[in-house]
$ cat target35.txt   # compact mmCIF, C-alpha atoms
# COMPACT_ATOMS: atom_id res chain seq x y z
CA MET A 1 -22.88 -28.58 -1.25
CA LEU A 2 -21.96 -26.26 -4.13
CA ALA A 3 -25.63 -25.26 -4.38
CA VAL A 4 -25.77 -24.64 -0.62
CA PHE A 5 -22.62 -22.51 -0.86
CA LEU A 6 -23.96 -20.34 -3.71
CA ILE A 7 -27.50 -20.02 -2.36
CA ALA A 8 -26.36 -19.18 1.18
CA LEU A 9 -23.69 -16.68 0.12
CA PHE A 10 -25.62 -14.74 -2.50
CA GLY A 11 -28.90 -15.09 -0.60
CA LEU A 12 -27.39 -13.41 2.47
CA VAL A 13 -25.71 -10.73 0.34
CA LEU A 14 -28.94 -9.96 -1.52
CA ILE A 15 -30.92 -9.45 1.70
CA GLY A 16 -28.36 -6.86 2.76
CA ALA A 17 -26.20 -8.78 5.25
CA PRO A 18 -22.64 -7.41 5.53
CA ILE A 19 -20.17 -9.52 3.56
CA ALA A 20 -18.37 -10.78 6.69
CA PHE A 21 -21.62 -12.02 8.27
CA SER A 22 -22.63 -13.51 4.90
CA LEU A 23 -19.42 -15.53 4.85
CA VAL A 24 -19.85 -16.74 8.43
CA GLY A 25 -23.45 -17.68 7.71
CA THR A 26 -22.40 -19.53 4.55
CA GLY A 27 -19.89 -21.62 6.49
CA PHE A 28 -22.47 -22.33 9.18
CA PHE A 29 -25.14 -23.46 6.67
CA MET A 30 -22.62 -25.66 4.86
CA MET A 31 -21.62 -27.37 8.11
CA LEU A 32 -25.28 -27.73 9.10
CA THR A 33 -26.07 -29.38 5.75
CA GLN A 34 -23.06 -31.67 6.05
CA ALA A 35 -24.05 -32.66 9.59
CA MET A 36 -27.42 -33.96 8.36
CA SER A 37 -25.67 -36.86 6.67
CA ARG A 38 -22.62 -36.99 8.96
CA PRO A 39 -23.50 -35.83 12.49
CA ALA A 40 -19.91 -36.30 13.62
CA SER A 41 -18.81 -33.44 11.32
CA TRP A 42 -20.77 -30.87 13.37
CA SER A 43 -18.34 -28.69 15.32
CA VAL A 44 -18.89 -25.02 16.02
CA PHE A 45 -15.47 -24.98 17.69
CA ALA A 46 -13.88 -25.91 14.35
CA LEU A 47 -15.51 -22.87 12.73
CA ALA A 48 -14.28 -20.58 15.50
CA GLN A 49 -10.78 -22.05 15.25
CA LYS A 50 -10.64 -21.53 11.47
CA PHE A 51 -11.87 -17.95 11.93
CA VAL A 52 -9.02 -17.18 14.34
CA ASN A 53 -6.39 -19.08 12.35
CA GLY A 54 -7.35 -17.15 9.22
CA CYS A 55 -6.27 -13.91 10.91
CA ASP A 56 -3.19 -15.44 12.55
CA SER A 57 -0.73 -14.84 9.71
CA VAL A 58 2.50 -12.83 9.68
CA PRO A 59 2.09 -11.56 6.06
CA LEU A 60 -1.22 -9.98 7.07
CA LEU A 61 0.69 -7.67 9.42
CA ALA A 62 1.83 -5.81 6.32
CA ILE A 63 -1.71 -4.52 5.73
CA PRO A 64 -2.00 -2.09 8.69
CA PHE A 65 1.58 -0.90 8.15
CA PHE A 66 0.98 -0.05 4.49
CA MET A 67 -2.30 1.64 5.44
CA ILE A 68 -0.53 3.79 8.03
CA ALA A 69 2.29 4.68 5.60
CA GLY A 70 -0.19 5.72 2.92
CA GLU A 71 -2.21 7.78 5.39
CA ILE A 72 0.90 9.59 6.67
CA MET A 73 2.06 10.47 3.17
CA THR A 74 -1.42 11.62 2.15
CA ARG A 75 -1.69 13.93 5.15
CA GLY A 76 1.92 15.03 4.68
CA GLY A 77 1.43 16.71 1.30
CA ILE A 78 2.74 13.82 -0.75
CA SER A 79 -0.28 13.57 -3.06
CA LYS A 80 -0.04 17.28 -3.97
CA ARG A 81 3.64 16.96 -4.85
CA ILE A 82 2.94 13.89 -6.99
CA VAL A 83 0.21 15.74 -8.91
CA ASP A 84 2.48 18.78 -9.36
CA PHE A 85 5.22 16.54 -10.73
CA ALA A 86 2.85 14.82 -13.15
CA TYR A 87 1.50 18.21 -14.29
CA SER A 88 4.98 19.55 -14.96
CA VAL A 89 5.64 16.61 -17.29
CA LEU A 90 2.26 16.09 -19.01
CA GLY A 91 0.24 19.27 -18.41
CA ARG A 92 1.47 20.85 -21.66
CA PHE A 93 -0.52 18.48 -23.89
CA LYS A 94 -4.11 18.92 -25.05
CA GLY A 95 -6.35 17.50 -22.33
CA GLY A 96 -3.19 17.15 -20.26
CA LEU A 97 -4.98 17.00 -16.92
CA GLY A 98 -6.32 13.55 -17.85
CA TYR A 99 -2.80 12.27 -18.46
CA VAL A 100 -1.74 13.92 -15.20
CA GLY A 101 -4.47 12.00 -13.35
CA ILE A 102 -3.32 8.68 -14.80
CA LEU A 103 0.39 9.24 -14.09
CA ALA A 104 -0.32 10.58 -10.60
CA SER A 105 -2.49 7.53 -9.86
CA MET A 106 0.27 5.19 -11.02
CA ILE A 107 2.80 6.87 -8.74
CA PHE A 108 0.40 7.14 -5.81
CA ALA A 109 -0.42 3.44 -6.25
CA GLY A 110 3.09 2.73 -5.02
CA VAL A 111 2.36 4.75 -1.89
CA SER A 112 -1.14 3.71 -0.82
CA GLY A 113 -1.87 0.34 -2.49
CA SER A 114 -5.58 1.17 -2.27
CA ALA A 115 -7.92 2.02 -5.15
CA VAL A 116 -10.22 4.15 -3.00
CA ALA A 117 -7.32 6.06 -1.40
CA ASP A 118 -5.77 6.56 -4.84
CA THR A 119 -9.00 7.87 -6.35
CA THR A 120 -9.73 10.12 -3.38
CA ALA A 121 -6.25 11.64 -3.18
CA VAL A 122 -5.87 12.35 -6.89
CA GLY A 123 -9.53 13.06 -7.69
CA SER A 124 -10.09 15.54 -4.87
CA MET A 125 -7.31 17.75 -6.29
CA LEU A 126 -7.73 17.26 -10.03
CA LEU A 127 -11.48 16.98 -10.65
CA PRO A 128 -12.38 20.54 -9.54
CA ILE A 129 -9.60 21.88 -11.80
CA MET A 130 -10.67 19.70 -14.74
CA THR A 131 -14.33 20.69 -14.56
CA GLY A 132 -13.38 24.34 -14.08
CA ALA A 133 -11.23 24.19 -17.23
CA GLY A 134 -14.15 22.92 -19.33
CA TYR A 135 -13.48 19.18 -19.25
CA ASP A 136 -16.48 16.86 -19.49
CA ARG A 137 -17.42 16.11 -15.87
CA GLY A 138 -18.42 12.47 -16.48
CA LYS A 139 -15.35 11.61 -18.58
CA SER A 140 -13.00 13.38 -16.15
CA THR A 141 -14.41 11.45 -13.20
CA GLY A 142 -14.39 8.25 -15.27
CA ILE A 143 -10.69 8.48 -16.15
CA VAL A 144 -9.72 9.29 -12.54
CA CYS A 145 -11.78 6.36 -11.19
CA SER A 146 -10.39 3.97 -13.81
CA ALA A 147 -6.82 5.05 -13.06
CA GLY A 148 -7.54 4.56 -9.36
CA CYS A 149 -8.08 0.84 -10.01
CA ILE A 150 -4.32 0.59 -10.68
CA GLY A 151 -3.73 1.18 -6.95
CA PRO A 152 -3.99 -2.47 -5.79
CA ILE A 153 -2.11 -3.83 -8.84
CA ILE A 154 1.15 -1.88 -8.59
CA PRO A 155 2.94 -2.79 -5.31
CA PRO A 156 2.23 -2.50 -2.44
CA SER A 157 -1.16 -4.19 -2.65
CA THR A 158 -3.52 -5.39 0.04
CA GLN A 159 -5.22 -7.74 -2.42
CA MET A 160 -1.89 -9.35 -3.32
CA ILE A 161 -1.29 -9.99 0.37
CA PHE A 162 -4.72 -11.63 0.68
CA TYR A 163 -3.98 -13.92 -2.25
CA GLY A 164 -0.46 -14.71 -1.01
CA VAL A 165 -1.80 -15.77 2.39
CA CYS A 166 -4.56 -17.94 0.88
CA ALA A 167 -2.36 -19.50 -1.79
CA GLU A 168 0.80 -19.75 0.36
CA VAL A 169 2.68 -17.92 -2.37
CA SER A 170 5.47 -15.37 -1.93
CA VAL A 171 3.92 -11.93 -1.47
CA SER A 172 7.17 -10.42 -2.74
CA ALA A 173 6.87 -12.33 -6.03
CA LEU A 174 3.26 -11.19 -6.37
CA PHE A 175 4.28 -7.57 -5.78
CA LEU A 176 6.89 -7.81 -8.52
CA GLY A 177 4.45 -9.57 -10.84
CA GLY A 178 2.02 -6.65 -10.60
CA ILE A 179 4.46 -4.02 -11.88
CA VAL A 180 4.18 -4.65 -15.64
CA PRO A 181 0.36 -5.17 -15.66
CA GLY A 182 -0.12 -1.95 -13.69
CA VAL A 183 2.07 0.03 -16.08
CA LEU A 184 0.33 -1.51 -19.12
CA ILE A 185 -3.09 -0.52 -17.76
CA GLY A 186 -1.82 3.03 -17.23
CA ILE A 187 -0.50 3.19 -20.82
CA GLY A 188 -3.77 1.75 -22.13
CA LEU A 189 -5.76 4.42 -20.29
CA MET A 190 -3.53 7.16 -21.71
CA ILE A 191 -4.17 5.85 -25.24
CA ALA A 192 -7.92 5.78 -24.60
CA TRP A 193 -7.79 9.33 -23.21
CA PHE A 194 -5.82 10.49 -26.29
CA PHE A 195 -8.61 9.32 -28.60
CA HIS A 196 -11.18 10.99 -26.35
CA VAL A 197 -9.50 14.43 -26.25
CA ARG A 198 -8.76 14.38 -29.99
CA LYS A 199 -12.46 15.12 -30.67
CA ARG A 200 -12.86 17.64 -27.84
CA ASP A 201 -11.95 21.27 -27.48
CA TYR A 202 -9.97 20.80 -24.30
CA PRO A 203 -7.42 23.43 -23.25
CA VAL A 204 -3.68 23.00 -23.66
CA GLY A 205 -1.75 23.63 -20.47
CA PRO A 206 1.27 25.93 -20.32
CA LYS A 207 4.64 24.45 -21.10
CA THR A 208 6.73 23.95 -18.02
CA SER A 209 10.35 24.96 -18.35
CA LEU A 210 13.14 22.51 -17.67
CA ALA A 211 13.86 24.37 -14.45
CA GLY A 212 10.21 23.99 -13.44
CA ILE A 213 10.27 20.25 -14.17
CA CYS A 214 13.45 19.89 -12.15
CA LYS A 215 11.90 21.78 -9.23
CA ALA A 216 8.73 19.64 -9.30
CA THR A 217 10.86 16.50 -9.53
CA LYS A 218 12.98 17.63 -6.60
CA ASP A 219 9.87 18.29 -4.49
CA ALA A 220 8.32 14.90 -5.34
CA ILE A 221 11.43 12.72 -5.54
CA LEU A 222 11.14 11.43 -1.97
CA ALA A 223 7.51 10.46 -2.57
CA ILE A 224 8.39 8.79 -5.87
CA CYS A 225 11.20 6.90 -4.16
CA LEU A 226 8.86 5.13 -1.69
CA PRO A 227 7.66 2.47 -4.19
CA VAL A 228 11.25 2.14 -5.41
CA PHE A 229 12.35 1.69 -1.79
CA ILE A 230 9.70 -1.02 -1.27
CA ILE A 231 10.74 -2.93 -4.39
CA LEU A 232 14.46 -2.67 -3.57
CA CYS A 233 13.93 -3.97 -0.03
CA ILE A 234 12.01 -6.97 -1.39
CA THR A 235 14.25 -7.82 -4.35
CA THR A 236 17.54 -7.47 -2.48
CA GLY A 237 16.32 -9.65 0.37
CA ILE A 238 16.89 -6.91 2.94
CA ALA A 239 13.40 -7.40 4.31
CA THR A 240 10.25 -9.43 3.78
CA ALA A 241 7.04 -7.79 2.58
CA THR A 242 5.88 -7.40 6.20
CA GLU A 243 9.18 -5.91 7.36
CA THR A 244 9.21 -3.63 4.32
CA ALA A 245 5.75 -2.35 5.30
CA ALA A 246 7.08 -1.40 8.76
CA LEU A 247 10.07 0.34 7.15
CA ALA A 248 7.66 2.19 4.85
CA VAL A 249 5.94 3.68 7.92
CA LEU A 250 9.32 4.90 9.22
CA TYR A 251 10.17 6.29 5.77
CA ALA A 252 6.82 8.09 5.57
CA LEU A 253 7.26 9.60 9.04
CA ILE A 254 10.73 10.91 8.21
CA VAL A 255 9.71 12.36 4.83
CA SER A 256 6.33 13.85 5.79
CA GLY A 257 7.12 14.81 9.39
CA LEU A 258 10.79 15.82 9.41
CA ILE A 259 11.64 16.77 5.82
CA TYR A 260 8.40 18.21 4.40
CA ARG A 261 7.14 19.10 7.89
CA GLU A 262 3.51 18.92 6.78
CA PHE A 263 2.51 15.92 8.87
CA LYS A 264 1.86 17.04 12.42
CA PHE A 265 2.58 14.44 15.07
CA ARG A 266 -0.50 15.53 17.02
CA GLU A 267 -2.44 13.81 14.18
CA TRP A 268 -0.88 10.47 15.13
CA PRO A 269 -3.57 9.31 17.62
CA GLU A 270 -6.40 10.01 15.15
CA LEU A 271 -4.46 8.29 12.36
CA MET A 272 -3.84 5.20 14.50
CA VAL A 273 -7.49 4.96 15.54
CA ASN A 274 -8.57 5.14 11.89
CA ALA A 275 -5.99 2.51 10.96
CA MET A 276 -7.15 0.22 13.79
CA LYS A 277 -10.79 0.52 12.71
CA SER A 278 -9.96 -0.23 9.07
CA THR A 279 -7.69 -3.13 10.03
CA ALA A 280 -10.29 -4.62 12.38
CA ILE A 281 -12.94 -4.55 9.64
CA MET A 282 -10.53 -6.08 7.17
CA MET A 283 -9.41 -8.82 9.56
CA PHE A 284 -13.02 -9.70 10.37
CA VAL A 285 -13.62 -10.23 6.66
CA VAL A 286 -10.39 -12.25 6.38
CA GLY A 287 -11.39 -14.53 9.27
CA SER A 288 -14.89 -14.97 7.86
CA ALA A 289 -13.55 -15.80 4.41
CA SER A 290 -11.10 -18.31 5.91
CA LEU A 291 -13.99 -20.02 7.69
CA ALA A 292 -16.02 -20.24 4.45
CA ALA A 293 -12.92 -21.42 2.53
CA TYR A 294 -12.38 -24.18 5.11
CA MET A 295 -15.89 -25.51 4.53
CA VAL A 296 -15.46 -25.23 0.76
CA THR A 297 -12.31 -27.35 0.98
CA THR A 298 -13.85 -29.81 3.45
CA CYS A 299 -16.78 -30.40 1.09
CA ALA A 300 -14.35 -31.10 -1.82
CA ILE A 301 -15.90 -28.40 -3.99
CA PRO A 302 -12.57 -27.66 -5.81
CA GLN A 303 -12.27 -31.32 -6.82
CA LEU A 304 -15.85 -31.37 -8.10
CA LEU A 305 -15.29 -28.23 -10.13
CA ALA A 306 -11.98 -29.54 -11.46
CA LYS A 307 -13.72 -32.66 -12.79
CA ALA A 308 -16.47 -30.56 -14.34
CA ILE A 309 -14.02 -28.18 -16.03
CA THR A 310 -11.66 -30.88 -17.30
CA SER A 311 -14.64 -32.67 -18.80
CA ILE A 312 -15.27 -29.51 -20.84
CA THR A 313 -11.71 -28.58 -21.81
CA ASN A 314 -8.08 -29.59 -21.34
CA SER A 315 -6.73 -26.24 -22.53
CA PRO A 316 -5.20 -23.87 -19.93
CA VAL A 317 -6.06 -20.91 -22.18
CA THR A 318 -9.73 -21.89 -22.32
CA PHE A 319 -9.71 -22.40 -18.56
CA MET A 320 -8.28 -18.91 -18.01
CA ILE A 321 -10.91 -17.39 -20.30
CA MET A 322 -13.61 -19.15 -18.26
CA VAL A 323 -12.02 -17.91 -15.03
CA ASN A 324 -11.82 -14.33 -16.30
CA VAL A 325 -15.47 -14.32 -17.36
CA MET A 326 -16.49 -15.66 -13.95
CA LEU A 327 -14.33 -13.12 -12.10
CA ILE A 328 -15.78 -10.26 -14.16
CA LEU A 329 -19.26 -11.29 -13.02
CA VAL A 330 -18.12 -11.77 -9.42
CA GLY A 331 -16.40 -8.37 -9.46
CA CYS A 332 -19.71 -6.73 -10.29
CA VAL A 333 -21.39 -7.99 -7.11
CA MET A 334 -18.56 -8.48 -4.59
CA ASP A 335 -15.61 -6.47 -3.32
CA SER A 336 -12.16 -7.69 -4.39
CA GLY A 337 -10.82 -8.68 -0.94
CA PRO A 338 -13.56 -11.15 0.08
CA ALA A 339 -13.75 -12.49 -3.49
CA ILE A 340 -10.04 -13.33 -3.41
CA MET A 341 -10.30 -15.02 -0.02
CA ILE A 342 -13.29 -17.13 -1.12
CA LEU A 343 -12.30 -18.06 -4.67
CA THR A 344 -8.57 -18.71 -4.25
CA PRO A 345 -9.03 -22.06 -2.41
CA ILE A 346 -11.53 -23.08 -5.09
CA LEU A 347 -9.77 -22.00 -8.28
CA LEU A 348 -6.07 -22.30 -7.47
CA PRO A 349 -5.99 -26.14 -7.18
CA ILE A 350 -7.68 -26.33 -10.59
CA ALA A 351 -5.16 -23.87 -12.03
CA LYS A 352 -2.30 -26.00 -10.69
CA ASN A 353 -3.83 -29.07 -12.36
CA PHE A 354 -3.56 -27.17 -15.65
CA GLY A 355 0.11 -26.43 -14.91
CA LEU A 356 -0.38 -22.69 -14.37
CA ASP A 357 2.06 -20.72 -12.25
CA PRO A 358 0.44 -19.59 -8.94
CA VAL A 359 2.03 -16.13 -9.20
CA TYR A 360 0.71 -15.64 -12.73
CA PHE A 361 -2.73 -16.88 -11.75
CA GLY A 362 -2.80 -14.64 -8.67
CA VAL A 363 -1.85 -11.47 -10.54
CA VAL A 364 -4.50 -12.12 -13.21
CA MET A 365 -7.08 -12.78 -10.51
CA VAL A 366 -6.21 -9.64 -8.55
CA ALA A 367 -6.11 -7.46 -11.68
CA ASN A 368 -9.51 -8.74 -12.80
CA LEU A 369 -11.19 -8.14 -9.46
CA CYS A 370 -9.55 -4.70 -9.08
CA ILE A 371 -11.00 -3.62 -12.43
CA GLY A 372 -14.32 -4.78 -10.98
CA LEU A 373 -14.02 -1.91 -8.48
CA ALA A 374 -15.08 0.36 -11.36
CA THR A 375 -18.09 -1.73 -12.40
CA PRO A 376 -21.60 -1.46 -10.91
CA PRO A 377 -23.43 -2.24 -8.73
CA VAL A 378 -20.75 -2.75 -6.04
CA GLY A 379 -17.92 -0.66 -7.52
CA ASN A 380 -16.42 1.13 -4.51
CA VAL A 381 -14.35 3.37 -6.75
CA LEU A 382 -17.47 4.49 -8.63
CA TYR A 383 -19.20 5.62 -5.44
CA CYS A 384 -16.03 7.45 -4.46
CA GLY A 385 -16.08 9.18 -7.87
CA VAL A 386 -19.76 10.09 -7.51
CA SER A 387 -18.98 11.84 -4.22
CA ILE A 388 -15.87 13.67 -5.42
CA GLY A 389 -16.92 14.44 -8.99
CA LYS A 390 -20.52 15.35 -8.10
CA VAL A 391 -21.88 13.31 -10.98
CA LYS A 392 -24.75 10.81 -11.19
CA LEU A 393 -23.83 7.14 -10.95
CA ALA A 394 -25.53 6.28 -14.26
CA ASP A 395 -23.64 9.06 -16.06
CA LEU A 396 -20.35 7.98 -14.50
CA VAL A 397 -20.87 4.33 -15.49
CA LYS A 398 -21.62 5.34 -19.08
CA ALA A 399 -18.60 7.68 -19.25
CA SER A 400 -16.31 5.01 -17.77
CA LEU A 401 -17.23 2.23 -20.22
CA PRO A 402 -14.44 2.93 -22.79
CA PHE A 403 -11.80 3.09 -20.05
CA VAL A 404 -13.04 -0.07 -18.32
CA GLY A 405 -13.07 -1.78 -21.73
CA VAL A 406 -9.41 -0.84 -22.26
CA MET A 407 -8.51 -2.25 -18.84
CA TYR A 408 -10.20 -5.55 -19.69
CA LEU A 409 -8.32 -5.59 -23.01
CA VAL A 410 -5.03 -5.29 -21.10
CA LEU A 411 -6.28 -8.06 -18.80
CA MET A 412 -6.71 -10.35 -21.82
CA ILE A 413 -3.20 -9.49 -23.03
CA ILE A 414 -1.55 -10.42 -19.73
CA THR A 415 -3.72 -13.55 -19.60
CA PHE A 416 -2.53 -14.76 -23.00
CA PHE A 417 1.11 -13.73 -22.39
CA PRO A 418 2.13 -14.90 -18.87
CA GLU A 419 5.69 -13.70 -19.48
CA LEU A 420 4.49 -10.12 -19.01
CA ILE A 421 3.69 -11.01 -15.40
CA LEU A 422 6.50 -13.45 -14.63
CA PHE A 423 9.32 -11.55 -16.33
CA VAL A 424 10.15 -9.24 -13.39
CA PRO A 425 9.85 -11.89 -10.61
CA ASN A 426 11.97 -14.34 -12.63
CA ALA A 427 14.55 -11.70 -13.60
CA LEU A 428 14.99 -10.51 -10.03
CA GLY A 429 14.84 -13.96 -8.49
$ encode --input "target35.txt" --output "C-alpha cells"
Amino acid sequence: MLAVFLIALFGLVLIGAPIAFSLVGTGFFMMLTQAMSRPASWSVFALAQKFVNGCDSVPLLAIPFFMIAGEIMTRGGISKRIVDFAYSVLGRFKGGLGYVGILASMIFAGVSGSAVADTTAVGSMLLPIMTGAGYDRGKSTGIVCSAGCIGPIIPPSTQMIFYGVCAEVSVSALFLGGIVPGVLIGIGLMIAWFFHVRKRDYPVGPKTSLAGICKATKDAILAICLPVFIILCITTGIATATETAALAVLYALIVSGLIYREFKFREWPELMVNAMKSTAIMMFVVGSASLAAYMVTTCAIPQLLAKAITSITNSPVTFMIMVNVMLILVGCVMDSGPAIMILTPILLPIAKNFGLDPVYFGVVMVANLCIGLATPPVGNVLYCGVSIGKVKLADLVKASLPFVGVMYLVLMIITFFPELILFVPNALG
C-alpha cells in the first residue's frame, strides 16, 4: 500500500495533474487496491464523506479571514509604510536596502501570513530601487525571496492552521511557537547579507534623523501593531485563532479605510471575490488531502513506517534528522500546504512514539516546508521573484543558495534545541 501511495501520488503529479486531483486519485487507487483483497472495504461514499469532513473544521475559518485582512492592509498602503519604517532604521548602512527587505518581510509576515504575498508586497517596491542603485539583480531578488519565506512561520500562518487541524493541536500554541524561529531566520539572513555586501561596492543610504525615524514609526505603528494585536488576543484568551482572524479583518478595515483612508470600500466586492476564489482552491486541496490521509491511516502506513524507523534507530534526534532530510526533498517537488496535510497523519504518530512534543514537531515541519518555497522546481516564491525581479530562474536559484543554506542552518538549530520553539508557548501558557 505504501508503494501504491507513492506511485499514484508522484505519478499523477509528474504527468501534470493538479495537486488536488492527484490527492483524490491517490485515495481512489489506494481504496481500489485494498478492495481487491477486501471487497467490503470499497466505498466511494466514504471517500466523499472524508473529503467533506476535511473541510468542515472551525479553525480553517481563520484562513479566509487572515487572507482578507492581509489583502485590505496591502491595498491600504500598509506595505509602503512598513518599508518606509524599515528604511528609516536600516537604510543608513552599506547595502541597507537588503536589510530593509528582511525587516520589512518580518513585519509584513505578521500581517499577511503568506510567503507569496510577503514577497510580492515587499519585492515590488524594493527591487526596482535596489537594481537602480546598482545592487546585483540576482542577489537582491534572492534575499527578498528568502525573506519572504518567513511569512508563514511568524504568526499568523496558514500552514500552521493546516497542521493544527490535522494534528488536533492548538493553533494558538503553534502561532506562538513560530515567533522565535521566524526571528532567528531573519537574523540569519541579515548576517548572510552582511558578508555579501562587505565585498561589494553597494551605496550607503542617507542617515535618517531621529525626527524622521519617529515620523516613520508613527506612520507605521498601526500596521506594526497588527501582529502584536493577534498575539495578545491569543495569549490573553480574549479570542481563539479563528475569532482573532475575524477581529484582524475589522482592525484592517478601521486602519486602512478610516484612519489611513487609502483603502476604498468600492474595492470590497473585488477583494471578496478574490478571497473566495483563493479559499475555494485551498479548501479543495484540504478536502483532497484529508481523503488521502484517511486512506493512509486506514492502510496502517504510519505503523509500518514506525516499525521500519525504530528498527533503524531509537534516537529522537536521528529521527528528526531523517524527517528533515525527507521534508527537504518533499519541499522541492510539492507545495507546503498539501505536503503538511498528507505527511502529518503519517509522521506525527511516529514522532509521538519518540516522545516529541506535537507543537515542536509541527513548527519544525512547517519551517522546513516553507523554506522549500524557495527551492526549485516547485518553489512558488522563486517564480514570484522571477516575475518581479525580471531575472532568469537559474540565476535566481544560484544567487539564493547562500541564503537558503542559512535558513536550513537555522532549521537545524531549532531542531536540536526544541526550547527555542517551546519557550514562548510554555511561558505564555
$ closest_residue --input "target35.txt" --among "A:Ile15, A:Ala104, A:Cys145, A:Leu247" --to "A:Leu401" --atoms "only C-alpha atoms"
A:Cys145
$ atom_distance --input "target35.txt" --atom1 "atom CA of A:Cys332" --atom2 "atom CA of A:Phe284"
21.9 Å
$ atom_distance --input "target35.txt" --atom1 "atom CA of A:Cys299" --atom2 "atom CA of A:Ala20"
20.5 Å
$ closest_residue --input "target35.txt" --among "A:Val111, A:Cys233, A:Ala245, A:Cys166" --to "A:Pro349" --atoms "all atoms listed in the file"
A:Cys166
$ closest_residue --input "target35.txt" --among "A:Ile191, A:Met36, A:Phe5, A:Pro64" --to "A:Ser278" --atoms "all atoms listed in the file"
A:Pro64
$ closest_residue --input "target35.txt" --among "A:Asp84, A:Tyr360, A:Ile150, A:Ala8" --to "A:Phe417" --atoms "only C-alpha atoms"
A:Tyr360
$ closest_residue --input "target35.txt" --among "A:Tyr383, A:Phe194, A:Phe162, A:Phe229" --to "A:Ala339" --atoms "all atoms listed in the file"
A:Phe162
$ atom_distance --input "target35.txt" --atom1 "atom CA of A:Gly138" --atom2 "atom CA of A:Ser157"
27.7 Å
$ closest_residue --input "target35.txt" --among "A:Thr131, A:Thr236, A:Gly95, A:Ser43" --to "A:Asp201" --atoms "all atoms listed in the file"
A:Gly95
$ residues_around --input "target35.txt" --residues "A:Ala86" --least-positions-apart "6" --cutoff "8 Å" --atoms "all atoms listed in the file" --output "list of chain:residue names"
A:Val100, A:Gly101, A:Leu103, A:Ala104
$ residues_around --input "target35.txt" --residues "A:Leu174" --least-positions-apart "4" --cutoff "10 Å" --atoms "only C-alpha atoms" --output "mmCIF file with C-alpha atoms, in the coordinates of the input"
data_model
loop_
_atom_site.group_PDB
_atom_site.id
_atom_site.type_symbol
_atom_site.label_atom_id
_atom_site.label_comp_id
_atom_site.auth_asym_id
_atom_site.auth_seq_id
_atom_site.Cartn_x
_atom_site.Cartn_y
_atom_site.Cartn_z
ATOM 1 C CA ILE A 153 -2.110 -3.830 -8.840
ATOM 2 C CA ILE A 154 1.150 -1.880 -8.590
ATOM 3 C CA PRO A 155 2.940 -2.790 -5.310
ATOM 4 C CA PRO A 156 2.230 -2.500 -2.440
ATOM 5 C CA SER A 157 -1.160 -4.190 -2.650
ATOM 6 C CA GLN A 159 -5.220 -7.740 -2.420
ATOM 7 C CA MET A 160 -1.890 -9.350 -3.320
ATOM 8 C CA ILE A 161 -1.290 -9.990 0.370
ATOM 9 C CA TYR A 163 -3.980 -13.920 -2.250
ATOM 10 C CA GLY A 164 -0.460 -14.710 -1.010
ATOM 11 C CA VAL A 169 2.680 -17.920 -2.370
ATOM 12 C CA SER A 170 5.470 -15.370 -1.930
ATOM 13 C CA GLY A 178 2.020 -6.650 -10.600
ATOM 14 C CA ILE A 179 4.460 -4.020 -11.880
ATOM 15 C CA PRO A 358 0.440 -19.590 -8.940
ATOM 16 C CA VAL A 359 2.030 -16.130 -9.200
ATOM 17 C CA TYR A 360 0.710 -15.640 -12.730
ATOM 18 C CA PHE A 361 -2.730 -16.880 -11.750
ATOM 19 C CA GLY A 362 -2.800 -14.640 -8.670
ATOM 20 C CA VAL A 363 -1.850 -11.470 -10.540
ATOM 21 C CA VAL A 366 -6.210 -9.640 -8.550
ATOM 22 C CA ILE A 421 3.690 -11.010 -15.400
ATOM 23 C CA LEU A 422 6.500 -13.450 -14.630
ATOM 24 C CA PRO A 425 9.850 -11.890 -10.610
#
$ residues_near_point --input "target35.txt" --point "(-7.1, -18.3, -5.0)" --cutoff "8 Å" --atoms "all atoms listed in the file" --output "PDB file with C-alpha atoms, in the coordinates of the input"
ATOM      1  CA  TYR A 163      -3.980 -13.920  -2.250  1.00  0.00           C
ATOM      2  CA  CYS A 166      -4.560 -17.940   0.880  1.00  0.00           C
ATOM      3  CA  ALA A 167      -2.360 -19.500  -1.790  1.00  0.00           C
ATOM      4  CA  ILE A 340     -10.040 -13.330  -3.410  1.00  0.00           C
ATOM      5  CA  MET A 341     -10.300 -15.020  -0.020  1.00  0.00           C
ATOM      6  CA  ILE A 342     -13.290 -17.130  -1.120  1.00  0.00           C
ATOM      7  CA  LEU A 343     -12.300 -18.060  -4.670  1.00  0.00           C
ATOM      8  CA  THR A 344      -8.570 -18.710  -4.250  1.00  0.00           C
ATOM      9  CA  PRO A 345      -9.030 -22.060  -2.410  1.00  0.00           C
ATOM     10  CA  ILE A 346     -11.530 -23.080  -5.090  1.00  0.00           C
ATOM     11  CA  LEU A 347      -9.770 -22.000  -8.280  1.00  0.00           C
ATOM     12  CA  LEU A 348      -6.070 -22.300  -7.470  1.00  0.00           C
ATOM     13  CA  GLY A 362      -2.800 -14.640  -8.670  1.00  0.00           C
ATOM     14  CA  MET A 365      -7.080 -12.780 -10.510  1.00  0.00           C
TER      15      MET A 365
END
$ residues_around --input "target35.txt" --residues "A:Ser146" --least-positions-apart "2" --cutoff "7 Å" --atoms "only C-alpha atoms" --output "list in words"
Gly142, Ile143, Val144, Gly148, Cys149, Ala374, Phe403 and Val404 of chain A
$ residues_around --input "target35.txt" --residues "A:Ala35" --least-positions-apart "5" --cutoff "12 Å" --atoms "all atoms listed in the file" --output "number ranges by chain"
A: 1, 28-30, 40-44, 295, 299
$ write_last_selection --input "target35.txt" --atoms "C-alpha atoms" --output "PDB file, in the frame of the given file"
ATOM      1  CA  MET A   1     -22.880 -28.580  -1.250  1.00  0.00           C
ATOM      2  CA  PHE A  28     -22.470 -22.330   9.180  1.00  0.00           C
ATOM      3  CA  PHE A  29     -25.140 -23.460   6.670  1.00  0.00           C
ATOM      4  CA  MET A  30     -22.620 -25.660   4.860  1.00  0.00           C
ATOM      5  CA  ALA A  40     -19.910 -36.300  13.620  1.00  0.00           C
ATOM      6  CA  SER A  41     -18.810 -33.440  11.320  1.00  0.00           C
ATOM      7  CA  TRP A  42     -20.770 -30.870  13.370  1.00  0.00           C
ATOM      8  CA  SER A  43     -18.340 -28.690  15.320  1.00  0.00           C
ATOM      9  CA  VAL A  44     -18.890 -25.020  16.020  1.00  0.00           C
ATOM     10  CA  MET A 295     -15.890 -25.510   4.530  1.00  0.00           C
ATOM     11  CA  CYS A 299     -16.780 -30.400   1.090  1.00  0.00           C
TER      12      CYS A 299
END
